[in-house]
Each structure stands twice: as structure tokens, then as C-alpha cells.
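J.: Sharing a structure below in C-alpha cells format, with a few things to ask.
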Amino acid sequence: MSPGAEPPAGTALPTAADVDRAAALLGSVIPPTPLQRADRLSALTGFDVWLKREDLTPVRSYKARGAYTVLAGLSEEERSRGVTCASAGNHAQGVAFACARAGVHATIFLPRTTPRQKRDRVAALGGDQVEVVIAGEAYDDAAVAAADFAAASGATVVPAFDHDGIVAGQGTVAAEILAQSAELGWQPDALVLPVGGAGLIAGCLTVLGERLPGVRVLAAEPAGAASLAAALDAGGPVELDTLDPFVDGAAVRRVGDLTYRAVAEARTAVALSVAAVPEGLICVEMLDLYQVDGIIAEPAGALAPAALRLPVAAGGLAGLAPGSRVVVVVSGGNNDVSRYADIVERALVHEGLKHYFLIEFPQEPGALRRFLDDVLGPDDDITLFEYTKRNSRETGPALVGIEMQSPDDLAGLLARMEESRLRVEKVPPDSPLFGFVLS
């Protein structure tokens with residue numbers, strides 16, 4: 001691009017004024033979401049924590065903001081050719097929501113990891129205007145399929161995050177936070193924002209850098225998909241070698257080019273830090289949000305609140321004074337109820353309350369009874385016992401899952417196992433066998 005030339009559509013860095021224009025478009029479509037005090041997280045952290053409830057939009061996530069902003073800017077010719085997008089679920093719902101209201105047809109590509117609840121919601125929100133296609137194992141695979149479809153059909157791609165309209169639309173979250181906190185007579189000392197492709201944080205930093213410079217911002221990424229940290233370390237977007245798809249709404253292998261530029265430029269005006277949040281800790285927070293606060297959050301929706309539970313050294317808010325006002329974005333509430341068994345399991349493992357062992361038992365009468373009497377603690381519970389008897393061997397292997405009342409009980413259990421002279425191997429959480437247990 002020659003000096004002074006306009007950048008191609010969708011690639012210009014948005015400004016706070018662009019966010020204001022997006023807010024004007026969205027005003028009659030998506031009401032402002034509540035800003036609510038979080039008593040539990042305030043007591044847990046010592047901060048004055050407030051939740052920005054993006055799970056309460058019409059599509060249960062902030063994604064409708066950017067999608068509608070982009071769709072509203074299409075020409076009549078582009079609208080007639082239809083649109084397409086790739087999504088892990090929430091962006092698809094935003095596009096479906098916008099298309100149903102604008103009368104524009106959309107072909108939406110979802111990876112196979114997208115929970116069925118999200119697939120069904122996409123279809124329900126879009127009605128006759130939307131066709132859903134399942135493609136690939138992760139978001140990036142679906143993105144390739146959507147690009148191929150656009151090239152063949154002439155449909156306009158509505159990116160999940162890497163577009164100036166998307167960034168401007170998502171930035172309205174920060175604009176609302178500033179307006180709502182001002183009405184309450186204060187301004188945030190820090191914000192915690194979830195990160196996937198970085199569209200939300202790019203838009204929010206665009207607003208905050210101009211209107212609340214110096215504010216602390218913590219970017220919370222899944223530990224198994226820390227693509228923003230990788231980009232900041234490398235000086236530009238890079239692809240992750242491995243990707244954990246559990247936090248499906250934020251499991252992106254590579255942040256966007258435009259979103260990275262927006263973050264890199266705005267980080268000079270705010271105090272930005274990035275934290276990797278373990279998937280197990282996200283599950284712990286999901287359960288607390290549900291059981292204590294009555295909030296149904298998907299894994300990506302609980303990502304930012306979970307970041308507050310990290311140790312100070314890893315959390316990115318070290319040095320923030322007690323009582324500081326911290327706004328945390330609950331980014332989505334599209335959780336499939338069928339996932340809760342897995343979520344409970346991961347939470348127990350993360351908290352050290354559940355462990356798995358490979359144990360070789362003597363193939364003789366009474367071996368299991370001796371294990372129960374001499375090794376298992378009084379409050380320990382066997383939750384899994386997979387045993388195969390081998391007629392040609394003196395011992396038989398068993399995979400044993402044990403749940404405890406306290407993580408402190410593990411030391412005693414390991415000592416009793418040692419005394420029993422059984423051959424025992426603890427299955428570490430990063431073992432492929434552990435992945436089999438959780439599947």
C-alpha cells in the first residue's frame with residue numbers, strides 16, 4: 001500500500017469514534033448489558049469486583065456486537081450475495097442474529113468441537129436465513145472452509161475477530177463499562193478481559209487507551225490456547241504448535257493480524273499484562289458461578305473471572321491496592337448442560353481432590369480387600385476401578401480413580417501405598433492416559 005493510501009476495507013485500525021458509531025448502530029438492537037457487583041469474587045480477592053454480564057445479550061455473548069456492526073456496513077450488492085463465517089459457536093450466533101434481522105442469507109461453518117447447544121442456537125437464531133455446515137476439528141479448520149466457500153460463491157466473509165467493524169463493535173463493551181461506572185460515581189482501576197482471537201480486547205483497548213489511559217488491563221487466555229502471549233513475545237501473530245480445544249469459545253491457534261496491531265498500539269497507553277489460566281481453574285470458577293452466583297457461564301465466559309483466582313505472581317494484578325475496583329467481563333453463557341460432568345471432573349483434579357493411579361494387584365483372593373482396609377483412607381472414595389484379570393500372570397493391572405475430601409489427604413495415601421509394596425504409578429494430568437480418563 002502506497003504512503004497515504006487508504007487501507008483495504010476491514011483492515012484499518014478503528015478509533016474510539018468508530019466504537020461510538022458502532023454503539024449508535026447497536027442501540028436499538030442490543031440493550032446495554034448489566035454491570036453487577038460480584039460479592040463472592042470481591043470477598044475472595046479483596047478487590048471491589050464488578051461483572052460485565054455479556055452473557056445476557058440476546059445471543060448470550062458479546063459476539064453479536066461486532067457481527068451486527070459489520071453486517072450494517074455491507075452494500076446492497078454484498079447483502080444480495082450473502083455472507084459466510086467460521087465460528088466456534090458464539091460468533092455464529094451473532095451473525096445468525098444479525099442476518100435474521102437484516103434479511104441476509106448466511107452459510108456458517110462450525111468445527112466439530114462446537115457443543116450441540118451452540119449449534120442448535122445458531123439454527124434457532126438464524127431461522128431460514130442461515131445454513132449450518134460442520135467442518136474440521138477446530139476453529140481454524142472451519143475458517144479455511146469458510147474462505148473456500150466465499151471464493152467459490154462470492155459471499156462476504158464476516159470474520160470472527162480480524163476486522164475493523166468487529167473490533168469496533170466489540171469495543172462497545174468498554175464504552176458501556178465507562179458509561180455505567182460513571183453513573184455509579186467511579187471509574188475502573190483495572191479490567192479483566194478474556195482473549196481468543198483478540199477482537200474483544202482490541203476493541204476495548206481502543207476505547208480505554210483514549211479515554212482511560214493508564215488503567216490496568218489483564219488479558220486472560222486459556223493455558224492451552226495462549227495465542228496472544230505468543231504473538232506479543234514474537235512481535236507478531238504466530239501459530240501455536242498445539243491447541244487445547246476445551247475452552248471452545250477462546251481456543252484460537254493464532255490471533256488476528258489487525259487485532260494484534262490494535263493491541264500492540266494501545267498497550268502503550270494502558271498497563272497491559274497477560275495471564276494463562278489453567279483449564280481446570282476455569283472449571284472451578286464455572287461451578288462457583290453456577291452454584292453460588294446463579295450464573296451459567298461457558299468455559300470462555302468464566303475465563304476472565306477465573307483469572308482473578310490465579311496466584312498474585314501469575315495473575316497480572318500484582319500491586320493493585322485492596323479495594324480497587326476491578327471490572328471482569330463474563331463473555332458468554334452458551335454452555336451445554338451435557339458438559340457439566342466433564343467440568344466437575346476437571347475441577348476436582350485441578351483442586352487436588354481427585355487422582356488416578358495404575359496399580360498392579362496380586363491375582364489372589366483378598367488383594368482388593370487388603371487395599372481397601374490398609375491403603376484407602378477413611379474419607380477416600382473409589383470413583384473408578386478398571387481391572388483386567390490375566391490368567392498367565394501373577395499380577396493384574398487396575399486403573400483406579402480416588403476422590404478425597406482434602407488435597408492434604410494425598411500425602412498419607414501415597415505413604416500407605418508405599419508401605420503396601422504394591423506397584424503403583426500415579427497418572428499425571430499431562431499423561432495421554434489421563435486424557436483417556438477425562439474423555
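In the C-alpha cells, the first chain shown is A, the next is B, and so on; residue numbers restart at 1 for each chain, and ligands run from 1 in the order shown.
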Between region 88-191 of chain A and region 243-257 of chain A, at 12 Å or less, what are the per-residue closest atom pairs and their distances in Å? Count only C-alpha atoms, order by chain and rising residue number, and return it as a tab-separated table.
T.:
residue	atom	partner	partner_atom	distance
A:Ala88	CA	A:Gly249	CA	5.7
A:Gly89	CA	A:Gly249	CA	6.9
A:Asn90	CA	A:Gly249	CA	6.9
A:His91	CA	A:Gly249	CA	8.8
A:Ala92	CA	A:Gly249	CA	10.9
A:Gln93	CA	A:Gly249	CA	11.9
A:Leu110	CA	A:Asp248	CA	11.0
A:Pro111	CA	A:Asp248	CA	9.6
A:Arg112	CA	A:Asp248	CA	10.5
A:Thr113	CA	A:Asp248	CA	7.2
A:Thr114	CA	A:Asp248	CA	6.9
A:Pro115	CA	A:Asp248	CA	8.5
A:Lys118	CA	A:Gly249	CA	10.4
A:Glu137	CA	A:Pro245	CA	8.9
A:Ala138	CA	A:Pro245	CA	7.0
A:Tyr139	CA	A:Val252	CA	6.6
A:Asp140	CA	A:Arg253	CA	7.1
A:Asp141	CA	A:Arg253	CA	10.3
A:Ala142	CA	A:Val252	CA	11.4
A:Ala143	CA	A:Val252	CA	10.8
A:Pro159	CA	A:Gly256	CA	9.7
A:Ala160	CA	A:Gly256	CA	9.4
A:Phe161	CA	A:Gly256	CA	6.8
A:Asp162	CA	A:Gly256	CA	5.0
A:His163	CA	A:Gly256	CA	8.6
A:Asp164	CA	A:Asp257	CA	10.9
A:Ile166	CA	A:Gly256	CA	11.5
A:Val167	CA	A:Gly256	CA	10.8
J.: Selection from above, N, CA, C and O atoms, as a short mmCIF file (atom, residue, chain, number, x, y, z; two decimals), in the first residue's frame, can you write it?
T.:
data_model
loop_
_atom_site.label_atom_id
_atom_site.label_comp_id
_atom_site.auth_asym_id
_atom_site.auth_seq_id
_atom_site.Cartn_x
_atom_site.Cartn_y
_atom_site.Cartn_z
N ALA A 88 -16.53 -20.88 16.51
CA ALA A 88 -16.64 -21.97 17.48
C ALA A 88 -18.03 -21.99 18.11
O ALA A 88 -18.32 -22.82 18.95
N GLY A 89 -18.89 -21.07 17.73
CA GLY A 89 -20.27 -21.07 18.21
C GLY A 89 -20.86 -19.71 18.47
O GLY A 89 -21.92 -19.37 17.97
N ASN A 90 -20.18 -18.86 19.26
CA ASN A 90 -20.76 -17.58 19.65
C ASN A 90 -20.79 -16.57 18.52
O ASN A 90 -21.76 -15.84 18.36
N HIS A 91 -19.70 -16.48 17.75
CA HIS A 91 -19.71 -15.57 16.60
C HIS A 91 -20.79 -15.98 15.62
O HIS A 91 -21.48 -15.13 15.04
N ALA A 92 -20.96 -17.27 15.43
CA ALA A 92 -22.01 -17.77 14.54
C ALA A 92 -23.38 -17.31 15.00
O ALA A 92 -24.24 -16.93 14.19
N GLN A 93 -23.60 -17.33 16.30
CA GLN A 93 -24.89 -16.87 16.82
C GLN A 93 -25.07 -15.38 16.58
O GLN A 93 -26.17 -14.92 16.27
N LEU A 110 -18.99 -24.40 11.35
CA LEU A 110 -18.65 -24.65 12.74
C LEU A 110 -17.72 -25.87 12.83
O LEU A 110 -17.91 -26.85 12.11
N PRO A 111 -16.72 -25.84 13.72
CA PRO A 111 -15.90 -27.05 13.92
C PRO A 111 -16.69 -28.12 14.67
O PRO A 111 -17.68 -27.82 15.35
N ARG A 112 -16.23 -29.35 14.56
CA ARG A 112 -16.93 -30.46 15.22
C ARG A 112 -16.93 -30.34 16.73
O ARG A 112 -17.78 -30.93 17.40
N THR A 113 -15.98 -29.59 17.28
CA THR A 113 -15.91 -29.44 18.74
C THR A 113 -16.98 -28.49 19.29
O THR A 113 -17.13 -28.38 20.50
N THR A 114 -17.71 -27.80 18.43
CA THR A 114 -18.75 -26.89 18.89
C THR A 114 -19.85 -27.67 19.60
O THR A 114 -20.41 -28.60 19.02
N PRO A 115 -20.17 -27.35 20.85
CA PRO A 115 -21.22 -28.08 21.57
C PRO A 115 -22.56 -28.02 20.82
O PRO A 115 -22.88 -27.03 20.15
N LYS A 118 -24.79 -24.97 21.14
CA LYS A 118 -24.47 -23.81 20.31
C LYS A 118 -24.94 -24.02 18.88
O LYS A 118 -25.43 -23.09 18.22
N GLU A 137 -11.89 -29.91 12.91
CA GLU A 137 -11.84 -30.21 14.33
C GLU A 137 -11.74 -28.97 15.21
O GLU A 137 -12.07 -29.02 16.38
N ALA A 138 -11.26 -27.86 14.67
CA ALA A 138 -11.08 -26.64 15.46
C ALA A 138 -11.48 -25.43 14.62
O ALA A 138 -11.76 -25.55 13.41
N TYR A 139 -11.48 -24.26 15.27
CA TYR A 139 -11.91 -23.04 14.58
C TYR A 139 -11.14 -22.81 13.29
O TYR A 139 -11.73 -22.46 12.26
N ASP A 140 -9.83 -23.02 13.32
CA ASP A 140 -9.01 -22.70 12.15
C ASP A 140 -9.40 -23.55 10.94
O ASP A 140 -9.33 -23.08 9.80
N ASP A 141 -9.80 -24.79 11.17
CA ASP A 141 -10.26 -25.64 10.07
C ASP A 141 -11.56 -25.08 9.46
O ASP A 141 -11.73 -25.06 8.25
N ALA A 142 -12.46 -24.65 10.33
CA ALA A 142 -13.71 -24.07 9.85
C ALA A 142 -13.45 -22.78 9.08
O ALA A 142 -14.14 -22.47 8.10
N ALA A 143 -12.45 -22.01 9.51
CA ALA A 143 -12.11 -20.76 8.82
C ALA A 143 -11.64 -21.02 7.40
O ALA A 143 -11.99 -20.28 6.47
N PRO A 159 -15.57 -11.98 9.48
CA PRO A 159 -14.56 -12.63 10.34
C PRO A 159 -15.01 -12.69 11.80
O PRO A 159 -15.80 -11.86 12.26
N ALA A 160 -14.49 -13.67 12.51
CA ALA A 160 -14.82 -13.80 13.93
C ALA A 160 -14.17 -12.70 14.75
O ALA A 160 -14.70 -12.31 15.79
N PHE A 161 -13.02 -12.18 14.29
CA PHE A 161 -12.35 -11.16 15.09
C PHE A 161 -11.49 -10.21 14.27
O PHE A 161 -11.34 -9.05 14.63
N ASP A 162 -10.94 -10.63 13.15
CA ASP A 162 -9.91 -9.84 12.47
C ASP A 162 -10.51 -8.89 11.44
O ASP A 162 -10.31 -9.04 10.23
N HIS A 163 -11.25 -7.88 11.89
CA HIS A 163 -11.93 -6.92 11.01
C HIS A 163 -12.20 -5.67 11.82
O HIS A 163 -12.55 -5.74 13.00
N ASP A 164 -12.02 -4.50 11.18
CA ASP A 164 -12.21 -3.26 11.93
C ASP A 164 -13.62 -3.09 12.46
O ASP A 164 -13.83 -2.56 13.56
N ILE A 166 -15.66 -5.58 13.35
CA ILE A 166 -15.78 -6.47 14.51
C ILE A 166 -15.14 -5.82 15.73
O ILE A 166 -15.73 -5.79 16.82
N VAL A 167 -13.94 -5.30 15.57
CA VAL A 167 -13.23 -4.68 16.70
C VAL A 167 -14.02 -3.50 17.24
O VAL A 167 -14.16 -3.34 18.47
#
J.: Write out as a PyMOL selection string all residues of region 171-290 of chain A that DSSP puts in helix (DSSP H, G or I) for this structure's backbone.
T.: chain A and resi 171-183+199-211+223-225+227-234+257-266+279-290
J.: May I have the residues within 6 Å of region 272-279 of chain A as a PDB file with all heavy atoms, in the first residue's frame, using only C-alpha atoms and disregarding those fewer than 5 positions away in the same chain?
T.:
ATOM      1  N   VAL A 217      -5.045  -3.472  32.689  1.00  0.00           N
ATOM      2  CA  VAL A 217      -5.840  -4.409  31.899  1.00  0.00           C
ATOM      3  C   VAL A 217      -5.156  -5.765  31.946  1.00  0.00           C
ATOM      4  O   VAL A 217      -3.976  -5.882  31.611  1.00  0.00           O
ATOM      5  CB  VAL A 217      -6.015  -3.954  30.441  1.00  0.00           C
ATOM      6  CG1 VAL A 217      -6.790  -5.007  29.640  1.00  0.00           C
ATOM      7  CG2 VAL A 217      -6.725  -2.599  30.375  1.00  0.00           C
ATOM      8  N   LEU A 218      -5.907  -6.776  32.356  1.00  0.00           N
ATOM      9  CA  LEU A 218      -5.401  -8.143  32.373  1.00  0.00           C
ATOM     10  C   LEU A 218      -6.073  -8.933  31.271  1.00  0.00           C
ATOM     11  O   LEU A 218      -7.303  -9.059  31.241  1.00  0.00           O
ATOM     12  CB  LEU A 218      -5.672  -8.803  33.733  1.00  0.00           C
ATOM     13  CG  LEU A 218      -5.284 -10.277  33.857  1.00  0.00           C
ATOM     14  CD1 LEU A 218      -3.799 -10.473  33.604  1.00  0.00           C
ATOM     15  CD2 LEU A 218      -5.679 -10.816  35.223  1.00  0.00           C
ATOM     16  N   ALA A 219      -5.271  -9.429  30.332  1.00  0.00           N
ATOM     17  CA  ALA A 219      -5.776 -10.279  29.254  1.00  0.00           C
ATOM     18  C   ALA A 219      -5.697 -11.728  29.715  1.00  0.00           C
ATOM     19  O   ALA A 219      -4.612 -12.237  29.994  1.00  0.00           O
ATOM     20  CB  ALA A 219      -4.941 -10.069  27.990  1.00  0.00           C
ATOM     21  N   ALA A 220      -6.850 -12.391  29.805  1.00  0.00           N
ATOM     22  CA  ALA A 220      -6.910 -13.765  30.309  1.00  0.00           C
ATOM     23  C   ALA A 220      -7.070 -14.732  29.141  1.00  0.00           C
ATOM     24  O   ALA A 220      -8.043 -14.652  28.388  1.00  0.00           O
ATOM     25  CB  ALA A 220      -8.073 -13.919  31.277  1.00  0.00           C
ATOM     26  N   GLU A 221      -6.085 -15.620  28.995  1.00  0.00           N
ATOM     27  CA  GLU A 221      -6.116 -16.620  27.924  1.00  0.00           C
ATOM     28  C   GLU A 221      -6.171 -18.023  28.510  1.00  0.00           C
ATOM     29  O   GLU A 221      -5.627 -18.264  29.596  1.00  0.00           O
ATOM     30  CB  GLU A 221      -4.850 -16.535  27.067  1.00  0.00           C
ATOM     31  CG  GLU A 221      -4.656 -15.246  26.321  1.00  0.00           C
ATOM     32  CD  GLU A 221      -3.519 -15.370  25.317  1.00  0.00           C
ATOM     33  OE1 GLU A 221      -2.355 -15.254  25.734  1.00  0.00           O
ATOM     34  OE2 GLU A 221      -3.796 -15.590  24.135  1.00  0.00           O
ATOM     35  N   PRO A 222      -6.783 -18.977  27.801  1.00  0.00           N
ATOM     36  CA  PRO A 222      -6.683 -20.368  28.248  1.00  0.00           C
ATOM     37  C   PRO A 222      -5.221 -20.823  28.173  1.00  0.00           C
ATOM     38  O   PRO A 222      -4.514 -20.506  27.213  1.00  0.00           O
ATOM     39  CB  PRO A 222      -7.543 -21.138  27.238  1.00  0.00           C
ATOM     40  CG  PRO A 222      -8.352 -20.112  26.516  1.00  0.00           C
ATOM     41  CD  PRO A 222      -7.567 -18.842  26.560  1.00  0.00           C
ATOM     42  N   ALA A 223      -4.776 -21.559  29.174  1.00  0.00           N
ATOM     43  CA  ALA A 223      -3.387 -22.034  29.171  1.00  0.00           C
ATOM     44  C   ALA A 223      -3.105 -22.897  27.952  1.00  0.00           C
ATOM     45  O   ALA A 223      -1.978 -22.910  27.445  1.00  0.00           O
ATOM     46  CB  ALA A 223      -3.108 -22.816  30.453  1.00  0.00           C
ATOM     47  N   ARG A 267      -1.396  -0.853  23.814  1.00  0.00           N
ATOM     48  CA  ARG A 267      -0.758  -1.251  25.075  1.00  0.00           C
ATOM     49  C   ARG A 267       0.218  -0.189  25.585  1.00  0.00           C
ATOM     50  O   ARG A 267       0.598  -0.216  26.755  1.00  0.00           O
ATOM     51  CB  ARG A 267      -0.042  -2.590  24.923  1.00  0.00           C
ATOM     52  CG  ARG A 267       1.217  -2.551  24.078  1.00  0.00           C
ATOM     53  CD  ARG A 267       1.832  -3.919  23.874  1.00  0.00           C
ATOM     54  NE  ARG A 267       2.238  -4.574  25.101  1.00  0.00           N
ATOM     55  CZ  ARG A 267       3.130  -5.557  25.155  1.00  0.00           C
ATOM     56  NH1 ARG A 267       3.711  -5.991  24.050  1.00  0.00           N
ATOM     57  NH2 ARG A 267       3.452  -6.106  26.296  1.00  0.00           N
ATOM     58  N   ALA A 307      -9.372 -15.867  36.057  1.00  0.00           N
ATOM     59  CA  ALA A 307      -8.047 -15.245  36.130  1.00  0.00           C
ATOM     60  C   ALA A 307      -7.825 -14.538  37.462  1.00  0.00           C
ATOM     61  O   ALA A 307      -6.688 -14.420  37.928  1.00  0.00           O
ATOM     62  CB  ALA A 307      -7.851 -14.262  34.979  1.00  0.00           C
ATOM     63  N   GLY A 315      -1.164 -13.791  38.220  1.00  0.00           N
ATOM     64  CA  GLY A 315      -2.435 -13.197  37.860  1.00  0.00           C
ATOM     65  C   GLY A 315      -2.367 -11.878  37.120  1.00  0.00           C
ATOM     66  O   GLY A 315      -3.341 -11.470  36.507  1.00  0.00           O
ATOM     67  N   GLY A 316      -1.249 -11.170  37.200  1.00  0.00           N
ATOM     68  CA  GLY A 316      -1.133  -9.937  36.447  1.00  0.00           C
ATOM     69  C   GLY A 316      -1.656  -8.704  37.141  1.00  0.00           C
ATOM     70  O   GLY A 316      -1.504  -7.598  36.642  1.00  0.00           O
TER      71      GLY A 316
END
J.: From the options A:Ala38, A:Ser420, A:Thr57, A:Thr15, which residue's atoms come nearest to Arg211 (chain A), counting only C-alpha atoms?
T.: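 Ranking A:Ala38, A:Ser420, A:Thr57, A:Thr15 by distance to Arg211 (chain A), first place goes to A:Thr15.
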J.: What is the CA of Gly294 (chain A)-CA of Pro34 (chain A) distance in Å, reported with one decimal?
T.: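 Computing it gives 14.9 Å between the two atoms.
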J.: Nearest residue to Arg216 (chain A) out of A:Val284, A:Val95, A:Val327, A:Val173, using only C-alpha atoms?
T.: A:Val327
J.: Find the residues around region 364-379 of chain A up to 10 Å (only C-alpha atoms counted), leave out those fewer than 6 positions away in its own chain, and share them as a list in words.
T.: Glu394, Thr395, Gly396, Ile402, Glu403, Met404, Gln405, Ser406, Asp409, Leu410, Gly412, Leu413, Leu414, Ala415, Arg416, Met417, Glu418, Glu419, Ser420 and Leu422 of chain A
